[in-house]
Amino acid sequence: MAALRVSCGAAASYRLFLGGRVSFARGQGLWKAAAAKPQRSPGCQILRLRHTTVVTTRKNVAVLRRETYTVDFIKKQIEEFNIGKRHLANMMGEDPETFTQEDIDRAIAYLFPSGLFEKRARPIMKHPEEIFPKQRAIQWGEDGRPFHFLFYTGKQSYYSLMHEAYGKLLDVENRQDQLRAKGLFSEKTKAKDPIGSRWLIKEELEEMLVEKLSDQDYAQFIRLLERLSALPCDAAEEEFVGRFRRSVTIQSKKQLIEPLQYDEKGVAFSTGQGNRKTAKAKVAVYDHGSGRIEVNGVDYLLYFPVTQDREQLMFPFHFLDRLGEHDVTCTVSGGGRAAQAGAIRLATARALCSFVTEDEVEWMRQAGLLTADPRVRERKKPGQEGARRKFTWKKR
Amino acid sequence: MLKGMTRLISSVHKLDPGRFLHIGTQAPQCLAAHLDNQVATESPRAISRTSENDPAKHGEQHEGQHYNISFQDLKTVFSHGLPPRFVMQVKTFNEACLMVRRPALELLHYLKNTNFAHPAVRYVFYGEKGTGKTLSLCHSIHFCAKQDWLILHIPDAHLWVKNCRDLLQSTYNKQRFDQPLEASTWLKNFKTANEHFLSQIKVQEKYVWNKRESTEKGSPLGEVVEQGIMRVRNATDAVGIVLKELKRQSSSGIFRLLVAVDGVNALWGRTTLKREDKSPIAPEELAFIYNLRKMVKNDWQGGAIVLTVSQTGSLFKPRKAYLPQELLGKEGFDALDPFIPILVSNYNPKEFESCIHYYLENNWLQHEKAHTEEGKKELLFLSNRNPGQLERLCAYL
């Protein structure tokens with residue numbers, strides 16, 4: 001607290017600083033101008049006024065720990081975003097009214113091409129809701145009393161959610177009791193958990209409530225929701241539960257199955273491509289064969305003298321029980337011995353998808369035959385001898 | 001190696017991590033389970049074995065079947081001829097069984113119909129690695145031994161052009177080099193193989209070894225051989241003399257000569273041997289190779305020359321080369337031209353079945369899936385019906 005001397009007659013407003021922890025929010029000052037009343041000691045005729053600052057306790061100001069974005073700030077950002085979106089649409093020659101987020105992404109990627117490997121480091125333009133983390137508004141009023149009735153539990157949003165969910169559960173049970181009393185109760189079974197959706201995970205729930213949760217809290221909440229969903233519910237309750245479910249894409253649908261092609265002799269064949277480390281392989285699998293495999297024009301026994309590589313080649317056929325039934329012609333380049341074998345294995349598995357039922361494709365995917373191995377050679381870092389190995393540590 | 005779920009349909013077979021087929025001991029299942037319909041009526045042994053142990057009587061009907069070589073023959077004829085893995089197998093199974101295959105049958109047919117008045121015909125076995133060239137050669141040697149020919153068998157010509165510790169300057173010709181150790185070992189084996197001939201054949205010239213020793217004209221060849229074995233310094237020259245005499249006298253009709261060289265492409269390749277001044281030695285500067293080249297020329301009558309070209313022990317030849325042209329080089333091909341090439345290829349399905357059956361009979365394949373159809377298909381795929389590969393695979397099982 002600085003005591004300032006001012007010339008007499010001037011009433012000035014003093015700025016008071018809170019001790020060290022304040023970070024500025026743009027635009028609006030959180031600095032309260034406290035008018036320090038000049039105190040006059042009784043009977044003092046001296047014109048020189050001695051001013052002391054008055055410390056008023058700051059209950060109204062939220063304790064600032066992180067950068068806070070005030071509501072007005074966020075609103076301004078949203079306006080700027082929308083205007084910017086229209087400008088962007090104009091620039092790209094599209095209609096501003098029907099300019100979606102995907103269009104924005106494409107436009108930004110076009111205007112600011114970036115070679116960075118980390119996708120999150122590239123330029124983005126998204127709605128401010130997605131960029132600025134959600135923050136809680138000030139939880140208490142001028143007089144210091146909190147707004148929410150569960151504030152003093154510490155996790156007000158979580159407990160209010162639990163309260164709401166339990167209330168709904170009680171409603172449903174009441175309704176059931178009433179129906180049973182009236183005799184109109186009917187057992188309705190419904191498939192409430194289709195395969196396509198899953199519960200929110202703990203991180204998603206924390207993000208939604210803007211509050212930290214513990215594992216037990218999360219488990220309790222999920223159990224309550226499961227209990228609620230097990231009972232016959234109204235549309236309102238279903239919609240409430242639906243807020244906490246996310247859809248899950250079915251993995252196997254992503255595998256594109258090429259239709260079979262036929263060469264000039266009428267033999268069915270199918271092609272596939274595969275990668276492993278730096279090796280690339282292109283494979284053509286022919287039907288009605290005898291288990292002959294030709295790699296780069298050479299028999300596979302000569303090309304892969306190591307038994308391990310030949311076992312890799314055998315894996316897809318052995319898995320589908322089609323060991324002697326197909327002929328394979330493939331070209332492979334790059335990589336080393338095992339990488340080429342792995343690349344051919346992936347390519348043959350992909351090619352065999354065309355010959356095989358969907359269930360077997362799903363089983364192959366679960367066995368790991370259709371997944372490209374993402375492991376690549378890790379780069380050597382400076383100051384180390386290899387990717388992980390450090391130089392020999394010498395004590396002196 | 002494959003881990004985890006490797007079979008789709010029979011996923012109840014839990015496989016141990018780390019090995020494709022885990023090892024367990026089990027009594028072999030009933031052999032009749034996997035027999036073909038045709039041979040279901042015959043006894044199980046008839047598939048993979050034949051009782052016809054005389055190579056002379058082997059014909060097409062025996063193709064794919066194993067015949068037994070007696071231990072007597074093993075000790076005399078094959079003291080140094082068989083490939084090392086086969087020798088191990090013989091020791092394990094306590095019997096020497098060789099499969100009758102088409103290239104060997106073809107050669108036997110030619111040998112049976114040779115006209116000994118004509119110059120010796122050269123036959124060359126060629127093929128990819130592990131297809132059975134050396135064993136086909138051994139089959140024909142066995143046949144000739146039974147027919148009482150004189151066998152001149154060099155088990156692996158590559159051994160002479162590499163890894164020789166001691167090279168002496170030849171006593172006979174200053175330009176050439178001697179290899180005393182290899183020569184004396186070879187003479188010992190030659191002696192065991194052809195004991196009865198050594199006393200019959202007489203030397204037709206006088207050979208002076210050194211100031212004190214000499215072999216008179218008319219003395220049996222056995223003396224030369226003894227001299228070579230005892231005086232190791234003169235062993236290579238003894239070998240040269242043996243070769244010269246045999247070549248000269250084979251056309252006389254007393255005996256029939258079979259020259260069998262395994263890995264004949266060593267004679268015309270390069271060597272890894274160096275002189276003291278580190279300059280490389282060409283093969284013709286080795287006395288043994290020089291004499292052997294003369295032997296392999298077809299300017300004598302009364303016998304046959306059977307050769308194999310192999311990449312396995314060869315020097316400075318690419319791994320995938322298997323054709324005679326590639327392995328012999330221009331010089332060797334011209335020297336051997338004309339010859340009859342015989343291709344030795346991988347097993348056909350019948351031979352493959354027979355081989356698996358032979359292993360099963362000897363309780364060599366202990367895995368319980370080894371005699372199921374799926375197991376056979378796996379082995380077929382992994383070895384691609386190559387005899388050498390199959391043998392190496394089965395060694396683990």
# chains A, B, ... in the order shown; residues from 1 in each chain; ligands from 1
call {"tool": "closest_atom_pairs", "arguments": {"of": "chain A", "to": "chain B", "cutoff": "7 Å", "atoms": "only C-alpha atoms", "output": "JSON lines"}}
result
{"residue": "A:Leu301", "atom": "CA", "partner": "B:Asn384", "partner_atom": "CA", "distance": 6.5}
{"residue": "A:Gln308", "atom": "CA", "partner": "B:Met1", "partner_atom": "CA", "distance": 6.2}
{"residue": "A:Arg310", "atom": "CA", "partner": "B:Leu382", "partner_atom": "CA", "distance": 6.0}
{"residue": "A:Glu311", "atom": "CA", "partner": "B:Leu382", "partner_atom": "CA", "distance": 6.6}
{"residue": "A:His318", "atom": "CA", "partner": "B:Arg7", "partner_atom": "CA", "distance": 6.9}
{"residue": "A:Phe319", "atom": "CA", "partner": "B:Arg7", "partner_atom": "CA", "distance": 4.8}
{"residue": "A:Leu320", "atom": "CA", "partner": "B:Leu8", "partner_atom": "CA", "distance": 6.2}
{"residue": "A:Leu323", "atom": "CA", "partner": "B:Lys377", "partner_atom": "CA", "distance": 6.6}
{"residue": "A:Ala367", "atom": "CA", "partner": "B:Met5", "partner_atom": "CA", "distance": 6.6}
call {"tool": "write_last_selection", "arguments": {"atoms": "N, CA, C and O atoms", "output": "PDB file, in the first residue's frame"}}
result
ATOM      1  N   LEU A 301      11.095 -69.055 -51.524  1.00  0.00           N
ATOM      2  CA  LEU A 301      12.084 -69.808 -50.747  1.00  0.00           C
ATOM      3  C   LEU A 301      13.475 -69.220 -50.956  1.00  0.00           C
ATOM      4  O   LEU A 301      14.306 -69.205 -50.054  1.00  0.00           O
ATOM      5  N   GLN A 308      11.677 -67.399 -40.405  1.00  0.00           N
ATOM      6  CA  GLN A 308      10.765 -66.444 -39.761  1.00  0.00           C
ATOM      7  C   GLN A 308      10.005 -65.637 -40.795  1.00  0.00           C
ATOM      8  O   GLN A 308       8.800 -65.409 -40.667  1.00  0.00           O
ATOM      9  N   ARG A 310       9.264 -66.526 -43.828  1.00  0.00           N
ATOM     10  CA  ARG A 310       8.269 -67.347 -44.521  1.00  0.00           C
ATOM     11  C   ARG A 310       7.074 -67.613 -43.623  1.00  0.00           C
ATOM     12  O   ARG A 310       5.943 -67.741 -44.093  1.00  0.00           O
ATOM     13  N   GLU A 311       7.316 -67.673 -42.329  1.00  0.00           N
ATOM     14  CA  GLU A 311       6.174 -67.845 -41.416  1.00  0.00           C
ATOM     15  C   GLU A 311       5.279 -66.623 -41.464  1.00  0.00           C
ATOM     16  O   GLU A 311       4.056 -66.731 -41.393  1.00  0.00           O
ATOM     17  N   HIS A 318      -2.714 -69.254 -43.321  1.00  0.00           N
ATOM     18  CA  HIS A 318      -2.925 -70.239 -42.263  1.00  0.00           C
ATOM     19  C   HIS A 318      -4.104 -69.860 -41.397  1.00  0.00           C
ATOM     20  O   HIS A 318      -4.878 -70.707 -40.972  1.00  0.00           O
ATOM     21  N   PHE A 319      -4.247 -68.559 -41.167  1.00  0.00           N
ATOM     22  CA  PHE A 319      -5.335 -68.084 -40.322  1.00  0.00           C
ATOM     23  C   PHE A 319      -6.681 -68.384 -40.948  1.00  0.00           C
ATOM     24  O   PHE A 319      -7.645 -68.745 -40.276  1.00  0.00           O
ATOM     25  N   LEU A 320      -6.751 -68.219 -42.276  1.00  0.00           N
ATOM     26  CA  LEU A 320      -8.023 -68.446 -42.947  1.00  0.00           C
ATOM     27  C   LEU A 320      -8.145 -69.877 -43.443  1.00  0.00           C
ATOM     28  O   LEU A 320      -9.097 -70.185 -44.160  1.00  0.00           O
ATOM     29  N   LEU A 323      -4.342 -72.675 -47.057  1.00  0.00           N
ATOM     30  CA  LEU A 323      -2.894 -72.735 -47.268  1.00  0.00           C
ATOM     31  C   LEU A 323      -2.501 -73.039 -48.699  1.00  0.00           C
ATOM     32  O   LEU A 323      -1.625 -72.425 -49.241  1.00  0.00           O
ATOM     33  N   ALA A 367      -7.314 -60.161 -35.164  1.00  0.00           N
ATOM     34  CA  ALA A 367      -6.038 -60.868 -35.023  1.00  0.00           C
ATOM     35  C   ALA A 367      -4.862 -59.963 -35.313  1.00  0.00           C
ATOM     36  O   ALA A 367      -3.727 -60.333 -35.069  1.00  0.00           O
TER      37      ALA A 367
END
call {"tool": "select_by_dssp", "arguments": {"residues": "range 139-315 of chain B", "states": "strand (DSSP E or B)", "output": "VMD selection string"}}
result
chain B and resid 150 to 154 168 to 169 177 to 178 202 207 to 208 214 to 215 220 257 to 262 274 280 286 301 303 to 308
call {"tool": "write_last_selection", "arguments": {"atoms": "C-alpha atoms", "output": "short mmCIF file (atom, residue, chain, number, x, y, z; two decimals), in the first residue's frame"}}
result
data_model
loop_
_atom_site.label_atom_id
_atom_site.label_comp_id
_atom_site.auth_asym_id
_atom_site.auth_seq_id
_atom_site.Cartn_x
_atom_site.Cartn_y
_atom_site.Cartn_z
CA LEU B 150 36.38 -98.12 -59.29
CA ILE B 151 35.10 -95.05 -57.53
CA LEU B 152 37.08 -91.87 -57.65
CA HIS B 153 35.04 -89.63 -55.44
CA ILE B 154 36.02 -86.13 -54.46
CA LEU B 168 53.93 -76.31 -50.00
CA GLN B 169 55.69 -75.63 -53.16
CA PHE B 177 51.40 -75.79 -54.85
CA ASP B 178 50.79 -78.89 -52.82
CA LYS B 202 49.82 -102.11 -61.70
CA TYR B 207 58.24 -92.90 -60.03
CA VAL B 208 61.07 -91.51 -57.98
CA SER B 214 60.96 -94.85 -55.58
CA THR B 215 58.18 -96.99 -56.94
CA PRO B 220 50.60 -102.33 -57.47
CA LEU B 257 36.16 -95.97 -63.59
CA LEU B 258 33.66 -93.58 -62.13
CA VAL B 259 34.90 -90.05 -61.52
CA ALA B 260 32.53 -88.29 -59.14
CA VAL B 261 33.25 -84.70 -58.18
CA ASP B 262 30.95 -82.67 -56.00
CA LYS B 274 47.28 -66.56 -51.07
CA PRO B 280 46.13 -64.71 -54.93
CA LEU B 286 47.24 -75.99 -57.24
CA GLN B 301 37.25 -94.40 -72.22
CA GLY B 303 33.89 -95.18 -67.45
CA ALA B 304 31.77 -92.16 -66.70
CA ILE B 305 32.12 -88.77 -65.10
CA VAL B 306 29.38 -87.57 -62.78
CA LEU B 307 29.59 -84.05 -61.46
CA THR B 308 27.57 -81.59 -59.46
#
call {"tool": "atom_distance", "arguments": {"atom1": "CA of Thr185 in chain B", "atom2": "CA of Phe93 in chain B"}}
result
27.1 Å
call {"tool": "closest_residue", "arguments": {"among": "A:Pro232, A:Phe132, A:Met125, A:Glu80", "to": "Glu173 in chain A", "atoms": "only C-alpha atoms"}}
result
A:Pro232
call {"tool": "atom_distance", "arguments": {"atom1": "CA of Gly64 in chain B", "atom2": "CA of Leu379 in chain B"}}
result
17.7 Å
call {"tool": "atom_distance", "arguments": {"atom1": "CA of Arg175 in chain A", "atom2": "CA of Ala230 in chain A"}}
result
14.6 Å
call {"tool": "residues_around", "arguments": {"residues": "His58 in chain B", "least_positions_apart": "4", "cutoff": "8 Å", "atoms": "only C-alpha atoms", "output": "PyMOL selection string"}}
result
chain B and resi 52+54+62+100+105
call {"tool": "select_by_dssp", "arguments": {"residues": "range 117-322 of chain B", "states": "helix (DSSP H, G or I)", "output": "VMD selection string"}}
result
chain B and resid 133 to 146 157 to 160 180 to 193 195 to 200 221 to 230 232 to 250 264 to 268 283 to 285 287 to 296
call {"tool": "residues_around", "arguments": {"residues": "Leu108 in chain B", "least_positions_apart": "4", "cutoff": "7 Å", "atoms": "only C-alpha atoms", "output": "number ranges by chain"}}
result
B: 104, 112, 140
call {"tool": "residues_around", "arguments": {"residues": "Leu221 in chain B", "least_positions_apart": "6", "cutoff": "12 Å", "atoms": "only C-alpha atoms", "output": "PDB file with N, CA, C and O atoms, in the first residue's frame"}}
result
ATOM      1  N   LEU B 187      43.560 -89.692 -49.775  1.00  0.00           N
ATOM      2  CA  LEU B 187      44.145 -90.985 -50.140  1.00  0.00           C
ATOM      3  C   LEU B 187      43.685 -92.077 -49.184  1.00  0.00           C
ATOM      4  O   LEU B 187      43.411 -93.206 -49.608  1.00  0.00           O
ATOM      5  N   PHE B 190      40.217 -92.963 -50.153  1.00  0.00           N
ATOM      6  CA  PHE B 190      40.229 -93.659 -51.432  1.00  0.00           C
ATOM      7  C   PHE B 190      40.644 -95.114 -51.232  1.00  0.00           C
ATOM      8  O   PHE B 190      40.099 -96.038 -51.860  1.00  0.00           O
ATOM      9  N   LYS B 191      41.579 -95.279 -50.328  1.00  0.00           N
ATOM     10  CA  LYS B 191      42.041 -96.646 -50.072  1.00  0.00           C
ATOM     11  C   LYS B 191      40.931 -97.502 -49.489  1.00  0.00           C
ATOM     12  O   LYS B 191      40.695 -98.621 -49.924  1.00  0.00           O
ATOM     13  N   ASN B 194      38.369 -98.466 -52.255  1.00  0.00           N
ATOM     14  CA  ASN B 194      38.719 -99.322 -53.385  1.00  0.00           C
ATOM     15  C   ASN B 194      39.845-100.284 -53.044  1.00  0.00           C
ATOM     16  O   ASN B 194      40.771-100.468 -53.824  1.00  0.00           O
ATOM     17  N   GLU B 195      39.728-100.906 -51.897  1.00  0.00           N
ATOM     18  CA  GLU B 195      40.811-101.814 -51.451  1.00  0.00           C
ATOM     19  C   GLU B 195      41.180-102.848 -52.500  1.00  0.00           C
ATOM     20  O   GLU B 195      42.344-103.037 -52.847  1.00  0.00           O
ATOM     21  N   HIS B 196      40.148-103.507 -52.974  1.00  0.00           N
ATOM     22  CA  HIS B 196      40.429-104.686 -53.805  1.00  0.00           C
ATOM     23  C   HIS B 196      41.046-104.311 -55.143  1.00  0.00           C
ATOM     24  O   HIS B 196      41.695-105.117 -55.785  1.00  0.00           O
ATOM     25  N   PHE B 197      40.848-103.061 -55.559  1.00  0.00           N
ATOM     26  CA  PHE B 197      41.425-102.691 -56.844  1.00  0.00           C
ATOM     27  C   PHE B 197      42.906-102.361 -56.749  1.00  0.00           C
ATOM     28  O   PHE B 197      43.649-102.455 -57.717  1.00  0.00           O
ATOM     29  N   LEU B 198      43.269-101.906 -55.574  1.00  0.00           N
ATOM     30  CA  LEU B 198      44.610-101.346 -55.471  1.00  0.00           C
ATOM     31  C   LEU B 198      45.686-102.399 -55.706  1.00  0.00           C
ATOM     32  O   LEU B 198      46.787-102.099 -56.163  1.00  0.00           O
ATOM     33  N   SER B 199      45.371-103.639 -55.359  1.00  0.00           N
ATOM     34  CA  SER B 199      46.377-104.667 -55.591  1.00  0.00           C
ATOM     35  C   SER B 199      46.365-105.134 -57.044  1.00  0.00           C
ATOM     36  O   SER B 199      47.365-105.607 -57.560  1.00  0.00           O
ATOM     37  N   GLN B 200      45.222-104.953 -57.710  1.00  0.00           N
ATOM     38  CA  GLN B 200      45.126-105.472 -59.075  1.00  0.00           C
ATOM     39  C   GLN B 200      45.797-104.554 -60.083  1.00  0.00           C
ATOM     40  O   GLN B 200      46.399-105.011 -61.049  1.00  0.00           O
ATOM     41  N   ILE B 201      45.660-103.253 -59.870  1.00  0.00           N
ATOM     42  CA  ILE B 201      46.161-102.329 -60.888  1.00  0.00           C
ATOM     43  C   ILE B 201      47.651-102.146 -60.687  1.00  0.00           C
ATOM     44  O   ILE B 201      48.123-101.932 -59.580  1.00  0.00           O
ATOM     45  N   LYS B 202      48.371-102.226 -61.800  1.00  0.00           N
ATOM     46  CA  LYS B 202      49.819-102.106 -61.702  1.00  0.00           C
ATOM     47  C   LYS B 202      50.257-100.793 -62.306  1.00  0.00           C
ATOM     48  O   LYS B 202      49.731-100.350 -63.337  1.00  0.00           O
ATOM     49  N   VAL B 203      51.220-100.222 -61.686  1.00  0.00           N
ATOM     50  CA  VAL B 203      51.756 -98.956 -62.178  1.00  0.00           C
ATOM     51  C   VAL B 203      52.581 -99.207 -63.426  1.00  0.00           C
ATOM     52  O   VAL B 203      53.299-100.198 -63.513  1.00  0.00           O
ATOM     53  N   GLN B 204      52.521 -98.286 -64.390  1.00  0.00           N
ATOM     54  CA  GLN B 204      53.195 -98.554 -65.662  1.00  0.00           C
ATOM     55  C   GLN B 204      54.431 -97.717 -65.868  1.00  0.00           C
ATOM     56  O   GLN B 204      54.952 -97.639 -66.963  1.00  0.00           O
ATOM     57  N   GLU B 205      54.890 -97.077 -64.809  1.00  0.00           N
ATOM     58  CA  GLU B 205      56.073 -96.226 -64.938  1.00  0.00           C
ATOM     59  C   GLU B 205      56.805 -96.254 -63.640  1.00  0.00           C
ATOM     60  O   GLU B 205      56.240 -96.591 -62.607  1.00  0.00           O
ATOM     61  N   LYS B 206      58.027 -95.818 -63.735  1.00  0.00           N
ATOM     62  CA  LYS B 206      58.742 -95.742 -62.472  1.00  0.00           C
ATOM     63  C   LYS B 206      58.633 -94.335 -61.938  1.00  0.00           C
ATOM     64  O   LYS B 206      58.806 -93.361 -62.674  1.00  0.00           O
ATOM     65  N   TYR B 207      58.347 -94.218 -60.635  1.00  0.00           N
ATOM     66  CA  TYR B 207      58.244 -92.896 -60.027  1.00  0.00           C
ATOM     67  C   TYR B 207      59.280 -92.785 -58.926  1.00  0.00           C
ATOM     68  O   TYR B 207      59.356 -93.617 -58.032  1.00  0.00           O
ATOM     69  N   THR B 215      59.111 -95.876 -56.660  1.00  0.00           N
ATOM     70  CA  THR B 215      58.184 -96.987 -56.935  1.00  0.00           C
ATOM     71  C   THR B 215      58.535 -97.565 -58.292  1.00  0.00           C
ATOM     72  O   THR B 215      58.615 -96.849 -59.282  1.00  0.00           O
ATOM     73  N   GLN B 227      52.568 -94.834 -50.059  1.00  0.00           N
ATOM     74  CA  GLN B 227      53.633 -93.844 -50.051  1.00  0.00           C
ATOM     75  C   GLN B 227      53.059 -92.456 -49.778  1.00  0.00           C
ATOM     76  O   GLN B 227      53.590 -91.690 -48.991  1.00  0.00           O
ATOM     77  N   GLY B 228      51.949 -92.181 -50.446  1.00  0.00           N
ATOM     78  CA  GLY B 228      51.332 -90.877 -50.237  1.00  0.00           C
ATOM     79  C   GLY B 228      50.845 -90.680 -48.825  1.00  0.00           C
ATOM     80  O   GLY B 228      50.979 -89.612 -48.238  1.00  0.00           O
ATOM     81  N   ALA B 238      51.355 -88.105 -55.118  1.00  0.00           N
ATOM     82  CA  ALA B 238      50.797 -89.463 -55.170  1.00  0.00           C
ATOM     83  C   ALA B 238      49.401 -89.447 -55.775  1.00  0.00           C
ATOM     84  O   ALA B 238      49.047 -90.305 -56.603  1.00  0.00           O
ATOM     85  N   VAL B 239      48.643 -88.456 -55.349  1.00  0.00           N
ATOM     86  CA  VAL B 239      47.293 -88.332 -55.916  1.00  0.00           C
ATOM     87  C   VAL B 239      47.366 -88.135 -57.415  1.00  0.00           C
ATOM     88  O   VAL B 239      46.639 -88.752 -58.198  1.00  0.00           O
ATOM     89  N   ILE B 241      49.654 -89.063 -59.418  1.00  0.00           N
ATOM     90  CA  ILE B 241      50.048 -90.305 -60.076  1.00  0.00           C
ATOM     91  C   ILE B 241      48.880 -91.257 -60.185  1.00  0.00           C
ATOM     92  O   ILE B 241      48.641 -91.877 -61.234  1.00  0.00           O
ATOM     93  N   VAL B 242      48.136 -91.367 -59.094  1.00  0.00           N
ATOM     94  CA  VAL B 242      46.959 -92.249 -59.096  1.00  0.00           C
ATOM     95  C   VAL B 242      46.011 -91.872 -60.219  1.00  0.00           C
ATOM     96  O   VAL B 242      45.548 -92.710 -60.999  1.00  0.00           O
ATOM     97  N   LEU B 243      45.762 -90.578 -60.309  1.00  0.00           N
ATOM     98  CA  LEU B 243      44.820 -90.120 -61.336  1.00  0.00           C
ATOM     99  C   LEU B 243      45.351 -90.456 -62.729  1.00  0.00           C
ATOM    100  O   LEU B 243      44.609 -90.942 -63.596  1.00  0.00           O
ATOM    101  N   LYS B 244      46.617 -90.196 -62.923  1.00  0.00           N
ATOM    102  CA  LYS B 244      47.191 -90.424 -64.253  1.00  0.00           C
ATOM    103  C   LYS B 244      47.100 -91.892 -64.622  1.00  0.00           C
ATOM    104  O   LYS B 244      46.692 -92.259 -65.727  1.00  0.00           O
ATOM    105  N   GLU B 245      47.471 -92.750 -63.674  1.00  0.00           N
ATOM    106  CA  GLU B 245      47.472 -94.189 -63.963  1.00  0.00           C
ATOM    107  C   GLU B 245      46.067 -94.681 -64.244  1.00  0.00           C
ATOM    108  O   GLU B 245      45.829 -95.434 -65.190  1.00  0.00           O
ATOM    109  N   LEU B 246      45.132 -94.232 -63.418  1.00  0.00           N
ATOM    110  CA  LEU B 246      43.768 -94.730 -63.594  1.00  0.00           C
ATOM    111  C   LEU B 246      43.235 -94.314 -64.952  1.00  0.00           C
ATOM    112  O   LEU B 246      42.563 -95.072 -65.650  1.00  0.00           O
ATOM    113  N   GLN B 249      44.770 -96.435 -67.631  1.00  0.00           N
ATOM    114  CA  GLN B 249      44.452 -97.858 -67.676  1.00  0.00           C
ATOM    115  C   GLN B 249      42.961 -98.148 -67.725  1.00  0.00           C
ATOM    116  O   GLN B 249      42.558 -99.286 -67.860  1.00  0.00           O
TER     117      GLN B 249
END
